[in-house]
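Some notes on the structure that comes next.
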Amino acid sequence: MSLLELKHIYKIYGDLHALDNVNLKVEKGEWLAIMGPSGSGKSTMMNIIGCMDKPSKGEVILDGVDIAKENAKSLTTIRRDKIGLIFQQFHLVNYLTAIENVMLAQYYHSIPDEKEALEALDRVGLKDRARHLPSQLSGGEQQRVCVARALINHPEIILADEPTGNLDDKNEEIVVELFRKLHEDGTTLIVVTHDPEVAEVAQRMVVLRSGKISRETVNEHFTGHIRFDN
Amino acid sequence: MKTRKMFFRMITASLMRRRSRMIVALLAIAIGATILSGLITIYNDVPRQMGAQFRNYGANMILTPTEESFTKADFDEALSRIPDADLVGATPYRYETVRIHEQPIMAAGTDMESAKKTSPYWLVEGEWPASGSIMVGAGVAESLELKIGDTETVTYTIERGDGSEPEERTLDLTISGTLSTGGSEENYVYVPMEDLEQLTGTADRIDLAELSVSQTADQLNSSMEAINDGPEKVTASLVKRVTASETTVLTKLQALVLLVTIVVLALTMIYVATTMTAVVTERRKEIGLRKAIGASDLSIVREFMGEGMLLGGIGGLLGSFVGFAFAQFVSRNVFSSSISFRPLLVPVTILVSIAITAIACLIPIRSATSVDPALVLKGE
């Protein structure tokens, strides 16, 4: 059974079909990239997979449960227990230090554990910056804190929305390298991106256009390493 | 780390690392708490402060004999029914008709030091009389053309009941001062009690006593009843025009202070609610993020309420002390007296501040829970 399955998903706003009969399966441990131009339905799809929105029609089976039928409270619980989110704008709590931001995810999930949070920061190479506030960190460092926060509760899926959108090449490479390591460890990754270099690193890529999956390609030369054109 | 420890770490970090924002809210709460603490102190102290002021208008209780007169022992017995701390002054009076320049004049023998306390409004030109001197009312001084410094012979006639010749006794007394009150007191002369006793040849006799008691209307009634239930030779009664005025003014003043307190609390609540609404609006992205990473509505409520209540507690603590300083300032400048610190007011002010802040936070927090993480995180 697939870890995630979208069956005939529609998201309709008035006359606009943000998602129009989307079908998608994601296997456990898979690294999937979702691409598409602005307005293609990427964010809508991410919100639905991330339990922050519900489809107008269709089924979203996550780990055997149809989350389309769940209420807001259950969706919060599912999101907390099964999904790790990474955003383009980093979105850290600006008055909490790096380690406190990681522990925040633990706080809502179970019990905050400073040692474990420090290990997660060590994993993203930020152990020495644990006591720094987001304003004292570079963009790349902030995004790595977000990665540490996303993986701290060992989620079923890490869902990243344009994770490298605000990063320079060097930091983009660091973040993709982190994804590769997470993938090696068996984590399921869904990365929404408009950056072909980031999408091509994934095992599989789907392209959305006007709310429909227009193309799906499997990376036969998958290594998990980014290849820059220049 | 315990969940509770993380909770306190988050709310203290929010307050400490966002000082400029939080200081505005804290200031609003502290000002409200200051006014609250100050006004409660004044409200409680008004009866005592105003009671002392009212005593300037003279006696509010009169002791009269049930028969012809009463003794010093009866007087002391009656006074023992009133707490010493409440008794501002107690002045015994003995009235006898004497003659000066062959004119009959009513002389009042009294304890001058006590009279100063029970009749602080008396305007004395010259000096209050000591032994061997006399104070004359302005009316008497004018009709008999008496001047300060004159020595006058005061005559007292003892009528014999057995038909024998009356005995005339005289005493030379120097006029120390004249008394103006605008009332009937101006038609009397005042001599120290021992001089009147020497003149009349009889002692230990009191015709009337004036008491100035710093008590509320209910307490005064209790004191009066206690005296009337005591020795049969003395009857206590209240000077209605004084006690009724005092009660009316006190009630109105306390009602005014209470009204101002309620208005200030309401304004504080509105200000805190406005500030918290601004805080929530400013932190919509943070709330969205918290919800996105798994915060339930209850968690959001707990965190914002925790911040609000911590602010309320700190504001209340600050306000209780600054409020006392405020009340002390008002008391010294308006009533010319100090007030004592009431430790109980500290926890009361803190608890009221926390409650007010919690109520003020309800609407902003409700709006916080309605934040949609998907919209906020997309920057919409």
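In the structure tokens, each chain is lettered A, B, ... as it comes, each chain's residues begin at 1, and ligands are numbered from 1 in order of appearance.
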Subject >> Within 8 Å of chain A: residues of chain B, using only C-alpha atoms, as number ranges by chain >> reply: B: 1-3, 6, 10, 13-14, 17-18, 285-286, 289, 291-296, 373-374, 377
Original post:
Quick one: DSSP alpha helix (DSSP H) residues in segment 177-238 of chain B, as number ranges by chain?
Top reply: B: 193-200, 217-228
Export of the given selection (N, CA, C and O atoms) as a PDB file, in the first residue's frame:
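Everything below was put into out-v2.pdb:
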```pdb
ATOM      1  N   MET B 193     -12.161  74.948  84.534  1.00  0.00           N
ATOM      2  CA  MET B 193     -13.092  74.264  85.447  1.00  0.00           C
ATOM      3  C   MET B 193     -12.724  74.488  86.911  1.00  0.00           C
ATOM      4  O   MET B 193     -13.593  74.738  87.756  1.00  0.00           O
ATOM      5  N   GLU B 194     -11.404  74.459  87.231  1.00  0.00           N
ATOM      6  CA  GLU B 194     -11.004  74.585  88.642  1.00  0.00           C
ATOM      7  C   GLU B 194     -11.302  75.979  89.194  1.00  0.00           C
ATOM      8  O   GLU B 194     -11.658  76.143  90.361  1.00  0.00           O
ATOM      9  N   ASP B 195     -11.248  77.019  88.332  1.00  0.00           N
ATOM     10  CA  ASP B 195     -11.571  78.383  88.778  1.00  0.00           C
ATOM     11  C   ASP B 195     -13.069  78.508  89.060  1.00  0.00           C
ATOM     12  O   ASP B 195     -13.484  79.158  90.030  1.00  0.00           O
ATOM     13  N   LEU B 196     -13.881  77.865  88.199  1.00  0.00           N
ATOM     14  CA  LEU B 196     -15.337  77.926  88.433  1.00  0.00           C
ATOM     15  C   LEU B 196     -15.701  77.182  89.723  1.00  0.00           C
ATOM     16  O   LEU B 196     -16.582  77.614  90.482  1.00  0.00           O
ATOM     17  N   GLU B 197     -15.008  76.045  89.924  1.00  0.00           N
ATOM     18  CA  GLU B 197     -15.265  75.262  91.146  1.00  0.00           C
ATOM     19  C   GLU B 197     -14.865  76.060  92.383  1.00  0.00           C
ATOM     20  O   GLU B 197     -15.545  76.040  93.410  1.00  0.00           O
ATOM     21  N   GLN B 198     -13.754  76.829  92.236  1.00  0.00           N
ATOM     22  CA  GLN B 198     -13.304  77.673  93.368  1.00  0.00           C
ATOM     23  C   GLN B 198     -14.328  78.785  93.626  1.00  0.00           C
ATOM     24  O   GLN B 198     -14.691  79.065  94.772  1.00  0.00           O
ATOM     25  N   LEU B 199     -14.843  79.369  92.532  1.00  0.00           N
ATOM     26  CA  LEU B 199     -15.804  80.470  92.654  1.00  0.00           C
ATOM     27  C   LEU B 199     -17.124  79.999  93.286  1.00  0.00           C
ATOM     28  O   LEU B 199     -17.708  80.669  94.141  1.00  0.00           O
ATOM     29  N   THR B 200     -17.586  78.816  92.825  1.00  0.00           N
ATOM     30  CA  THR B 200     -18.887  78.342  93.310  1.00  0.00           C
ATOM     31  C   THR B 200     -18.784  77.578  94.626  1.00  0.00           C
ATOM     32  O   THR B 200     -19.777  77.369  95.312  1.00  0.00           O
ATOM     33  N   ALA B 217     -21.109  56.435  60.793  1.00  0.00           N
ATOM     34  CA  ALA B 217     -22.439  56.609  61.391  1.00  0.00           C
ATOM     35  C   ALA B 217     -22.847  55.374  62.190  1.00  0.00           C
ATOM     36  O   ALA B 217     -23.364  55.484  63.312  1.00  0.00           O
ATOM     37  N   ASP B 218     -22.580  54.189  61.630  1.00  0.00           N
ATOM     38  CA  ASP B 218     -22.961  52.947  62.335  1.00  0.00           C
ATOM     39  C   ASP B 218     -22.169  52.784  63.618  1.00  0.00           C
ATOM     40  O   ASP B 218     -22.707  52.391  64.657  1.00  0.00           O
ATOM     41  N   GLN B 219     -20.865  53.075  63.528  1.00  0.00           N
ATOM     42  CA  GLN B 219     -20.023  52.945  64.727  1.00  0.00           C
ATOM     43  C   GLN B 219     -20.466  53.941  65.802  1.00  0.00           C
ATOM     44  O   GLN B 219     -20.492  53.612  66.985  1.00  0.00           O
ATOM     45  N   LEU B 220     -20.815  55.157  65.344  1.00  0.00           N
ATOM     46  CA  LEU B 220     -21.264  56.183  66.300  1.00  0.00           C
ATOM     47  C   LEU B 220     -22.527  55.726  67.021  1.00  0.00           C
ATOM     48  O   LEU B 220     -22.656  55.885  68.249  1.00  0.00           O
ATOM     49  N   ASN B 221     -23.451  55.144  66.254  1.00  0.00           N
ATOM     50  CA  ASN B 221     -24.688  54.653  66.865  1.00  0.00           C
ATOM     51  C   ASN B 221     -24.391  53.570  67.895  1.00  0.00           C
ATOM     52  O   ASN B 221     -24.995  53.543  68.972  1.00  0.00           O
ATOM     53  N   SER B 222     -23.439  52.681  67.550  1.00  0.00           N
ATOM     54  CA  SER B 222     -23.069  51.606  68.490  1.00  0.00           C
ATOM     55  C   SER B 222     -22.483  52.205  69.758  1.00  0.00           C
ATOM     56  O   SER B 222     -22.807  51.781  70.872  1.00  0.00           O
ATOM     57  N   SER B 223     -21.589  53.214  69.582  1.00  0.00           N
ATOM     58  CA  SER B 223     -20.976  53.843  70.750  1.00  0.00           C
ATOM     59  C   SER B 223     -22.035  54.514  71.621  1.00  0.00           C
ATOM     60  O   SER B 223     -22.016  54.415  72.846  1.00  0.00           O
ATOM     61  N   MET B 224     -22.976  55.183  70.952  1.00  0.00           N
ATOM     62  CA  MET B 224     -24.037  55.874  71.688  1.00  0.00           C
ATOM     63  C   MET B 224     -24.863  54.859  72.497  1.00  0.00           C
ATOM     64  O   MET B 224     -25.140  55.060  73.683  1.00  0.00           O
ATOM     65  N   GLU B 225     -25.206  53.752  71.833  1.00  0.00           N
ATOM     66  CA  GLU B 225     -26.001  52.729  72.529  1.00  0.00           C
ATOM     67  C   GLU B 225     -25.223  52.129  73.683  1.00  0.00           C
ATOM     68  O   GLU B 225     -25.787  51.850  74.756  1.00  0.00           O
ATOM     69  N   ALA B 226     -23.907  51.941  73.482  1.00  0.00           N
ATOM     70  CA  ALA B 226     -23.076  51.375  74.556  1.00  0.00           C
ATOM     71  C   ALA B 226     -23.085  52.291  75.776  1.00  0.00           C
ATOM     72  O   ALA B 226     -23.172  51.819  76.928  1.00  0.00           O
ATOM     73  N   ILE B 227     -23.015  53.606  75.535  1.00  0.00           N
ATOM     74  CA  ILE B 227     -23.021  54.558  76.659  1.00  0.00           C
ATOM     75  C   ILE B 227     -24.402  54.560  77.331  1.00  0.00           C
ATOM     76  O   ILE B 227     -24.509  54.508  78.550  1.00  0.00           O
ATOM     77  N   ASN B 228     -25.438  54.568  76.511  1.00  0.00           N
ATOM     78  CA  ASN B 228     -26.795  54.611  77.078  1.00  0.00           C
ATOM     79  C   ASN B 228     -27.154  53.331  77.827  1.00  0.00           C
ATOM     80  O   ASN B 228     -27.996  53.336  78.712  1.00  0.00           O
TER      81      ASN B 228
END
```
Original post:
What's the 10 Å shell around Asp66 of chain A, counting only C-alpha atoms, without same-chain residues fewer than 6 positions away, as a PyMOL selection string?
Top reply: chain A and resi 4-6+58-60
Subject >> Shell of 8 Å around Ile99 of chain A, only C-alpha atoms, local chain residues under 4 positions omitted, as a ChimeraX atom specification >> reply: /A:103,114,117-118,121,130-131
Save out the residues we just selected, N, CA and C atoms, as a PDB file, in the first residue's frame.
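Contents of out-v2.pdb, freshly written:
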```pdb
ATOM      1  N   MET A 103      12.600  22.708  19.332  1.00  0.00           N
ATOM      2  CA  MET A 103      11.866  22.123  20.463  1.00  0.00           C
ATOM      3  C   MET A 103      10.375  22.467  20.418  1.00  0.00           C
ATOM      4  N   GLU A 114      15.789  18.665  24.872  1.00  0.00           N
ATOM      5  CA  GLU A 114      16.841  19.570  24.418  1.00  0.00           C
ATOM      6  C   GLU A 114      17.987  18.810  23.744  1.00  0.00           C
ATOM      7  N   ALA A 117      16.951  17.746  20.322  1.00  0.00           N
ATOM      8  CA  ALA A 117      16.877  18.931  19.449  1.00  0.00           C
ATOM      9  C   ALA A 117      18.279  19.354  19.012  1.00  0.00           C
ATOM     10  N   LEU A 118      19.231  19.247  19.947  1.00  0.00           N
ATOM     11  CA  LEU A 118      20.620  19.601  19.644  1.00  0.00           C
ATOM     12  C   LEU A 118      21.201  18.625  18.616  1.00  0.00           C
ATOM     13  N   LEU A 121      19.953  19.600  15.265  1.00  0.00           N
ATOM     14  CA  LEU A 121      20.696  20.760  14.747  1.00  0.00           C
ATOM     15  C   LEU A 121      22.090  20.334  14.304  1.00  0.00           C
ATOM     16  N   ALA A 130      23.078  26.862  17.895  1.00  0.00           N
ATOM     17  CA  ALA A 130      21.816  26.475  18.551  1.00  0.00           C
ATOM     18  C   ALA A 130      21.197  27.588  19.381  1.00  0.00           C
ATOM     19  N   ARG A 131      22.053  28.414  20.011  1.00  0.00           N
ATOM     20  CA  ARG A 131      21.525  29.462  20.918  1.00  0.00           C
ATOM     21  C   ARG A 131      21.342  30.809  20.214  1.00  0.00           C
TER      22      ARG A 131
END
```
Can you list every residue of segment 10-83 of chain B that has an atom at most 6 Å from segment 118-127 of chain B, with its nearest atom pair and the distance in Å to one decimal, using only C-alpha atoms, ordered by chain then number, as a tab-separated table?
```
residue	atom	partner	partner_atom	distance
B:Asn56	CA	B:Pro120	CA	5.5
B:Gly58	CA	B:Ser119	CA	4.8
B:Ala59	CA	B:Thr118	CA	5.4
```
Output for the residues just chosen: all heavy atoms as a PDB file, in the first residue's frame:
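Result written to out-v2.pdb:
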```pdb
ATOM      1  N   ASN B  56     -13.168  68.827  62.412  1.00  0.00           N
ATOM      2  CA  ASN B  56     -12.951  70.278  62.480  1.00  0.00           C
ATOM      3  C   ASN B  56     -14.269  71.027  62.660  1.00  0.00           C
ATOM      4  O   ASN B  56     -14.274  72.199  63.002  1.00  0.00           O
ATOM      5  CB  ASN B  56     -12.268  70.776  61.197  1.00  0.00           C
ATOM      6  CG  ASN B  56     -10.824  70.332  61.154  1.00  0.00           C
ATOM      7  OD1 ASN B  56     -10.192  70.199  62.196  1.00  0.00           O
ATOM      8  ND2 ASN B  56     -10.311  70.079  59.966  1.00  0.00           N
ATOM      9  N   GLY B  58     -16.514  70.261  64.757  1.00  0.00           N
ATOM     10  CA  GLY B  58     -16.967  70.212  66.143  1.00  0.00           C
ATOM     11  C   GLY B  58     -17.501  68.862  66.574  1.00  0.00           C
ATOM     12  O   GLY B  58     -17.372  67.867  65.857  1.00  0.00           O
ATOM     13  N   ALA B  59     -18.096  68.849  67.776  1.00  0.00           N
ATOM     14  CA  ALA B  59     -18.522  67.604  68.401  1.00  0.00           C
ATOM     15  C   ALA B  59     -19.643  66.955  67.599  1.00  0.00           C
ATOM     16  O   ALA B  59     -20.454  67.635  66.975  1.00  0.00           O
ATOM     17  CB  ALA B  59     -19.001  67.890  69.815  1.00  0.00           C
TER      18      ALA B  59
END
```
**OP:** Give the strand (DSSP E) residues of segment 135-333 of chain B, as assigned by DSSP on the backbone, as a ChimeraX atom specification.
**Re:** /B:135-137,151-158,167-180,188-192,208-213,234-238
Subject >> Separation of atom CA of Ala202 of chain A from atom CA of Gly165 of chain A, in Å and rounded to one decimal >> reply: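 Computed distance, atom CA of Ala202 of chain A to atom CA of Gly165 of chain A, equals 16.2 Å.
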**OP:** Would you kindly return, as a ChimeraX atom specification, each protein, DNA or RNA residue with an atom no farther than 12 Å from any atom of Thr178 of chain B, considering only C-alpha atoms and excluding same-chain residues fewer than 6 positions away?
**Re:** /B:122-129,133-142,145-150,185-191
Using only C-alpha atoms, which residues sit within 8 Å of Met305 of chain B once same-chain residues fewer than 2 positions away are excluded, as a tab-separated table (two decimals) with N, CA, C and O atoms, in the first residue's frame?
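Result saved to part.tsv:
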```tsv
chain	number	residue	atom	x	y	z
B	301	VAL	N	-4.55	29.22	22.62
B	301	VAL	CA	-5.25	29.95	23.69
B	301	VAL	C	-4.37	29.98	24.94
B	301	VAL	O	-4.18	31.03	25.56
B	302	ARG	N	-3.83	28.81	25.28
B	302	ARG	CA	-3.00	28.71	26.51
B	302	ARG	C	-1.79	29.63	26.43
B	302	ARG	O	-1.46	30.33	27.39
B	303	GLU	N	-1.13	29.65	25.27
B	303	GLU	CA	0.08	30.46	25.14
B	303	GLU	C	-0.21	31.96	25.21
B	303	GLU	O	0.45	32.69	25.94
B	307	GLU	N	0.74	34.48	28.25
B	307	GLU	CA	1.46	35.75	28.08
B	307	GLU	C	0.68	36.90	28.71
B	307	GLU	O	1.24	37.71	29.45
B	308	GLY	N	-0.62	36.92	28.42
B	308	GLY	CA	-1.48	37.99	28.95
B	308	GLY	C	-1.50	37.97	30.47
B	308	GLY	O	-1.36	39.02	31.12
B	309	MET	N	-1.64	36.77	31.03
B	309	MET	CA	-1.74	36.68	32.49
B	309	MET	C	-0.40	37.00	33.17
B	309	MET	O	-0.36	37.57	34.25
B	358	ALA	N	-6.96	38.81	31.53
B	358	ALA	CA	-7.49	37.57	30.94
B	358	ALA	C	-8.78	37.86	30.18
B	358	ALA	O	-8.96	37.40	29.05
B	361	CYS	N	-8.13	39.67	27.02
B	361	CYS	CA	-7.45	38.85	25.99
B	361	CYS	C	-8.42	37.93	25.26
B	361	CYS	O	-8.06	37.37	24.22
B	365	ILE	N	-7.74	36.56	21.49
B	365	ILE	CA	-7.31	35.15	21.42
B	365	ILE	C	-8.26	34.35	20.54
B	365	ILE	O	-7.85	33.48	19.78
```
Original post:
When distances are computed from only C-alpha atoms, which of A:Glu156, A:Ala120, A:Gly39, A:Asn171 shows the smallest separation from Gly140 of chain A?
Top reply: A:Asn171
Original post:
Between B:Gly177, B:Gly109, B:Gly288, B:Gly319, which has the minimum distance to Tyr95 of chain B (counting only C-alpha atoms)?
Top reply: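 For Tyr95 of chain B, the nearest of the given residues is B:Gly109.
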**OP:** Go ahead and compute the interatomic distance for atom CA of Leu39 of chain B and atom CA of Val263 of chain B, in Å to one decimal.
**Re:**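 One can read the atom CA of Leu39 of chain B to atom CA of Val263 of chain B distance as 11.6 Å.
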Spatial neighbours of Gly211 of chain A, max dist 9 Å, only C-alpha atoms, sep filter under 3 positions, as a PDB file with all heavy atoms, in the first residue's frame:
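The result, written out as around-v7.pdb:
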```pdb
ATOM      1  N   TYR A  10     -10.223  17.101  -6.564  1.00  0.00           N
ATOM      2  CA  TYR A  10     -10.646  18.375  -7.142  1.00  0.00           C
ATOM      3  C   TYR A  10     -10.586  19.438  -6.034  1.00  0.00           C
ATOM      4  O   TYR A  10     -10.915  19.160  -4.882  1.00  0.00           O
ATOM      5  CB  TYR A  10     -12.100  18.312  -7.625  1.00  0.00           C
ATOM      6  CG  TYR A  10     -12.318  17.438  -8.829  1.00  0.00           C
ATOM      7  CD1 TYR A  10     -12.488  16.058  -8.675  1.00  0.00           C
ATOM      8  CD2 TYR A  10     -12.400  17.989 -10.103  1.00  0.00           C
ATOM      9  CE1 TYR A  10     -12.711  15.249  -9.764  1.00  0.00           C
ATOM     10  CE2 TYR A  10     -12.628  17.178 -11.202  1.00  0.00           C
ATOM     11  CZ  TYR A  10     -12.783  15.806 -11.035  1.00  0.00           C
ATOM     12  OH  TYR A  10     -13.011  15.011 -12.121  1.00  0.00           O
ATOM     13  N   LYS A  11     -10.156  20.637  -6.413  1.00  0.00           N
ATOM     14  CA  LYS A  11     -10.304  21.778  -5.513  1.00  0.00           C
ATOM     15  C   LYS A  11     -10.885  22.901  -6.350  1.00  0.00           C
ATOM     16  O   LYS A  11     -10.246  23.399  -7.287  1.00  0.00           O
ATOM     17  CB  LYS A  11      -8.957  22.189  -4.893  1.00  0.00           C
ATOM     18  CG  LYS A  11      -9.082  23.300  -3.858  1.00  0.00           C
ATOM     19  CD  LYS A  11      -9.777  22.827  -2.595  1.00  0.00           C
ATOM     20  CE  LYS A  11     -10.006  23.956  -1.614  1.00  0.00           C
ATOM     21  NZ  LYS A  11     -10.674  23.520  -0.404  1.00  0.00           N
ATOM     22  N   HIS A  17     -10.916  25.756 -11.209  1.00  0.00           N
ATOM     23  CA  HIS A  17     -10.520  24.424 -10.751  1.00  0.00           C
ATOM     24  C   HIS A  17      -9.031  24.467 -10.418  1.00  0.00           C
ATOM     25  O   HIS A  17      -8.201  24.291 -11.294  1.00  0.00           O
ATOM     26  CB  HIS A  17     -10.792  23.376 -11.836  1.00  0.00           C
ATOM     27  CG  HIS A  17     -12.236  23.032 -11.950  1.00  0.00           C
ATOM     28  ND1 HIS A  17     -13.215  23.979 -12.182  1.00  0.00           N
ATOM     29  CD2 HIS A  17     -12.880  21.835 -11.835  1.00  0.00           C
ATOM     30  CE1 HIS A  17     -14.406  23.386 -12.217  1.00  0.00           C
ATOM     31  NE2 HIS A  17     -14.223  22.084 -11.997  1.00  0.00           N
ATOM     32  N   ALA A  18      -8.713  24.736  -9.156  1.00  0.00           N
ATOM     33  CA  ALA A  18      -7.304  24.809  -8.765  1.00  0.00           C
ATOM     34  C   ALA A  18      -6.657  23.433  -8.896  1.00  0.00           C
ATOM     35  O   ALA A  18      -5.488  23.313  -9.277  1.00  0.00           O
ATOM     36  CB  ALA A  18      -7.191  25.318  -7.329  1.00  0.00           C
ATOM     37  N   LEU A  19      -7.393  22.383  -8.578  1.00  0.00           N
ATOM     38  CA  LEU A  19      -6.953  21.016  -8.840  1.00  0.00           C
ATOM     39  C   LEU A  19      -8.097  20.323  -9.570  1.00  0.00           C
ATOM     40  O   LEU A  19      -9.255  20.420  -9.166  1.00  0.00           O
ATOM     41  CB  LEU A  19      -6.623  20.270  -7.544  1.00  0.00           C
ATOM     42  CG  LEU A  19      -5.373  20.736  -6.778  1.00  0.00           C
ATOM     43  CD1 LEU A  19      -5.221  19.960  -5.479  1.00  0.00           C
ATOM     44  CD2 LEU A  19      -4.109  20.607  -7.623  1.00  0.00           C
ATOM     45  N   ASP A  20      -7.737  19.617 -10.643  1.00  0.00           N
ATOM     46  CA  ASP A  20      -8.794  19.075 -11.505  1.00  0.00           C
ATOM     47  C   ASP A  20      -8.520  17.594 -11.772  1.00  0.00           C
ATOM     48  O   ASP A  20      -7.724  17.247 -12.632  1.00  0.00           O
ATOM     49  CB  ASP A  20      -8.791  19.897 -12.808  1.00  0.00           C
ATOM     50  CG  ASP A  20     -10.007  19.615 -13.658  1.00  0.00           C
ATOM     51  OD1 ASP A  20     -10.840  18.802 -13.234  1.00  0.00           O
ATOM     52  OD2 ASP A  20     -10.112  20.214 -14.736  1.00  0.00           O
ATOM     53  N   ASN A  21      -9.127  16.770 -10.967  1.00  0.00           N
ATOM     54  CA  ASN A  21      -9.009  15.307 -11.100  1.00  0.00           C
ATOM     55  C   ASN A  21      -7.545  14.833 -11.038  1.00  0.00           C
ATOM     56  O   ASN A  21      -7.028  14.241 -11.979  1.00  0.00           O
ATOM     57  CB  ASN A  21      -9.658  14.856 -12.406  1.00  0.00           C
ATOM     58  CG  ASN A  21      -9.869  13.351 -12.397  1.00  0.00           C
ATOM     59  OD1 ASN A  21      -9.864  12.726 -11.332  1.00  0.00           O
ATOM     60  ND2 ASN A  21     -10.012  12.767 -13.573  1.00  0.00           N
ATOM     61  N   VAL A  22      -6.920  15.140  -9.930  1.00  0.00           N
ATOM     62  CA  VAL A  22      -5.515  14.751  -9.748  1.00  0.00           C
ATOM     63  C   VAL A  22      -5.440  13.372  -9.094  1.00  0.00           C
ATOM     64  O   VAL A  22      -6.114  13.107  -8.104  1.00  0.00           O
ATOM     65  CB  VAL A  22      -4.769  15.791  -8.873  1.00  0.00           C
ATOM     66  CG1 VAL A  22      -3.382  15.288  -8.508  1.00  0.00           C
ATOM     67  CG2 VAL A  22      -4.678  17.124  -9.600  1.00  0.00           C
ATOM     68  N   GLY A  39       0.316  29.346 -10.216  1.00  0.00           N
ATOM     69  CA  GLY A  39      -1.111  29.147 -10.489  1.00  0.00           C
ATOM     70  C   GLY A  39      -1.437  27.778 -11.033  1.00  0.00           C
ATOM     71  O   GLY A  39      -2.573  27.501 -11.405  1.00  0.00           O
ATOM     72  N   SER A  40      -0.446  26.881 -11.045  1.00  0.00           N
ATOM     73  CA  SER A  40      -0.700  25.544 -11.595  1.00  0.00           C
ATOM     74  C   SER A  40      -1.386  24.635 -10.579  1.00  0.00           C
ATOM     75  O   SER A  40      -1.876  23.569 -10.929  1.00  0.00           O
ATOM     76  CB  SER A  40       0.626  24.914 -12.041  1.00  0.00           C
ATOM     77  OG  SER A  40       1.493  24.793 -10.928  1.00  0.00           O
ATOM     78  N   GLY A  41      -1.417  25.047  -9.307  1.00  0.00           N
ATOM     79  CA  GLY A  41      -2.082  24.233  -8.270  1.00  0.00           C
ATOM     80  C   GLY A  41      -1.115  23.568  -7.303  1.00  0.00           C
ATOM     81  O   GLY A  41      -1.521  22.757  -6.466  1.00  0.00           O
ATOM     82  N   LYS A  42       0.201  23.937  -7.427  1.00  0.00           N
ATOM     83  CA  LYS A  42       1.218  23.321  -6.547  1.00  0.00           C
ATOM     84  C   LYS A  42       0.906  23.554  -5.059  1.00  0.00           C
ATOM     85  O   LYS A  42       0.907  22.630  -4.264  1.00  0.00           O
ATOM     86  CB  LYS A  42       2.619  23.910  -6.814  1.00  0.00           C
ATOM     87  CG  LYS A  42       3.183  23.681  -8.181  1.00  0.00           C
ATOM     88  CD  LYS A  42       4.662  24.022  -8.222  1.00  0.00           C
ATOM     89  CE  LYS A  42       5.016  25.426  -7.778  1.00  0.00           C
ATOM     90  NZ  LYS A  42       4.597  26.488  -8.696  1.00  0.00           N
ATOM     91  N   THR A  44      -1.875  24.548  -3.672  1.00  0.00           N
ATOM     92  CA  THR A  44      -3.142  23.939  -3.254  1.00  0.00           C
ATOM     93  C   THR A  44      -2.923  22.468  -2.923  1.00  0.00           C
ATOM     94  O   THR A  44      -3.414  21.952  -1.917  1.00  0.00           O
ATOM     95  CB  THR A  44      -4.188  24.083  -4.390  1.00  0.00           C
ATOM     96  OG1 THR A  44      -4.258  25.447  -4.761  1.00  0.00           O
ATOM     97  CG2 THR A  44      -5.549  23.593  -3.942  1.00  0.00           C
ATOM     98  N   MET A  45      -2.142  21.825  -3.784  1.00  0.00           N
ATOM     99  CA  MET A  45      -1.864  20.408  -3.574  1.00  0.00           C
ATOM    100  C   MET A  45      -1.057  20.196  -2.295  1.00  0.00           C
ATOM    101  O   MET A  45      -1.323  19.278  -1.521  1.00  0.00           O
ATOM    102  CB  MET A  45      -1.074  19.882  -4.775  1.00  0.00           C
ATOM    103  CG  MET A  45      -1.021  18.387  -4.831  1.00  0.00           C
ATOM    104  SD  MET A  45      -0.671  17.965  -6.533  1.00  0.00           S
ATOM    105  CE  MET A  45       0.156  16.458  -6.340  1.00  0.00           C
ATOM    106  N   LEU A 208       2.692  19.941 -12.758  1.00  0.00           N
ATOM    107  CA  LEU A 208       1.292  20.364 -12.735  1.00  0.00           C
ATOM    108  C   LEU A 208       1.081  21.515 -13.703  1.00  0.00           C
ATOM    109  O   LEU A 208       1.919  22.412 -13.797  1.00  0.00           O
ATOM    110  CB  LEU A 208       0.912  20.844 -11.329  1.00  0.00           C
ATOM    111  CG  LEU A 208       0.515  19.814 -10.281  1.00  0.00           C
ATOM    112  CD1 LEU A 208       0.310  20.509  -8.944  1.00  0.00           C
ATOM    113  CD2 LEU A 208      -0.757  19.089 -10.675  1.00  0.00           C
ATOM    114  N   SER A 214       0.426  17.129 -15.782  1.00  0.00           N
ATOM    115  CA  SER A 214       0.631  17.121 -17.226  1.00  0.00           C
ATOM    116  C   SER A 214       1.757  16.168 -17.625  1.00  0.00           C
ATOM    117  O   SER A 214       1.804  15.694 -18.754  1.00  0.00           O
ATOM    118  CB  SER A 214       0.945  18.531 -17.733  1.00  0.00           C
ATOM    119  OG  SER A 214       2.174  18.963 -17.178  1.00  0.00           O
TER     120      SER A 214
END
```
Original post:
Just how far from atom CA of Val352 of chain B is atom CA of Lys252 of chain B, in Å to one decimal?
Top reply: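 It comes out at 24.3 Å.
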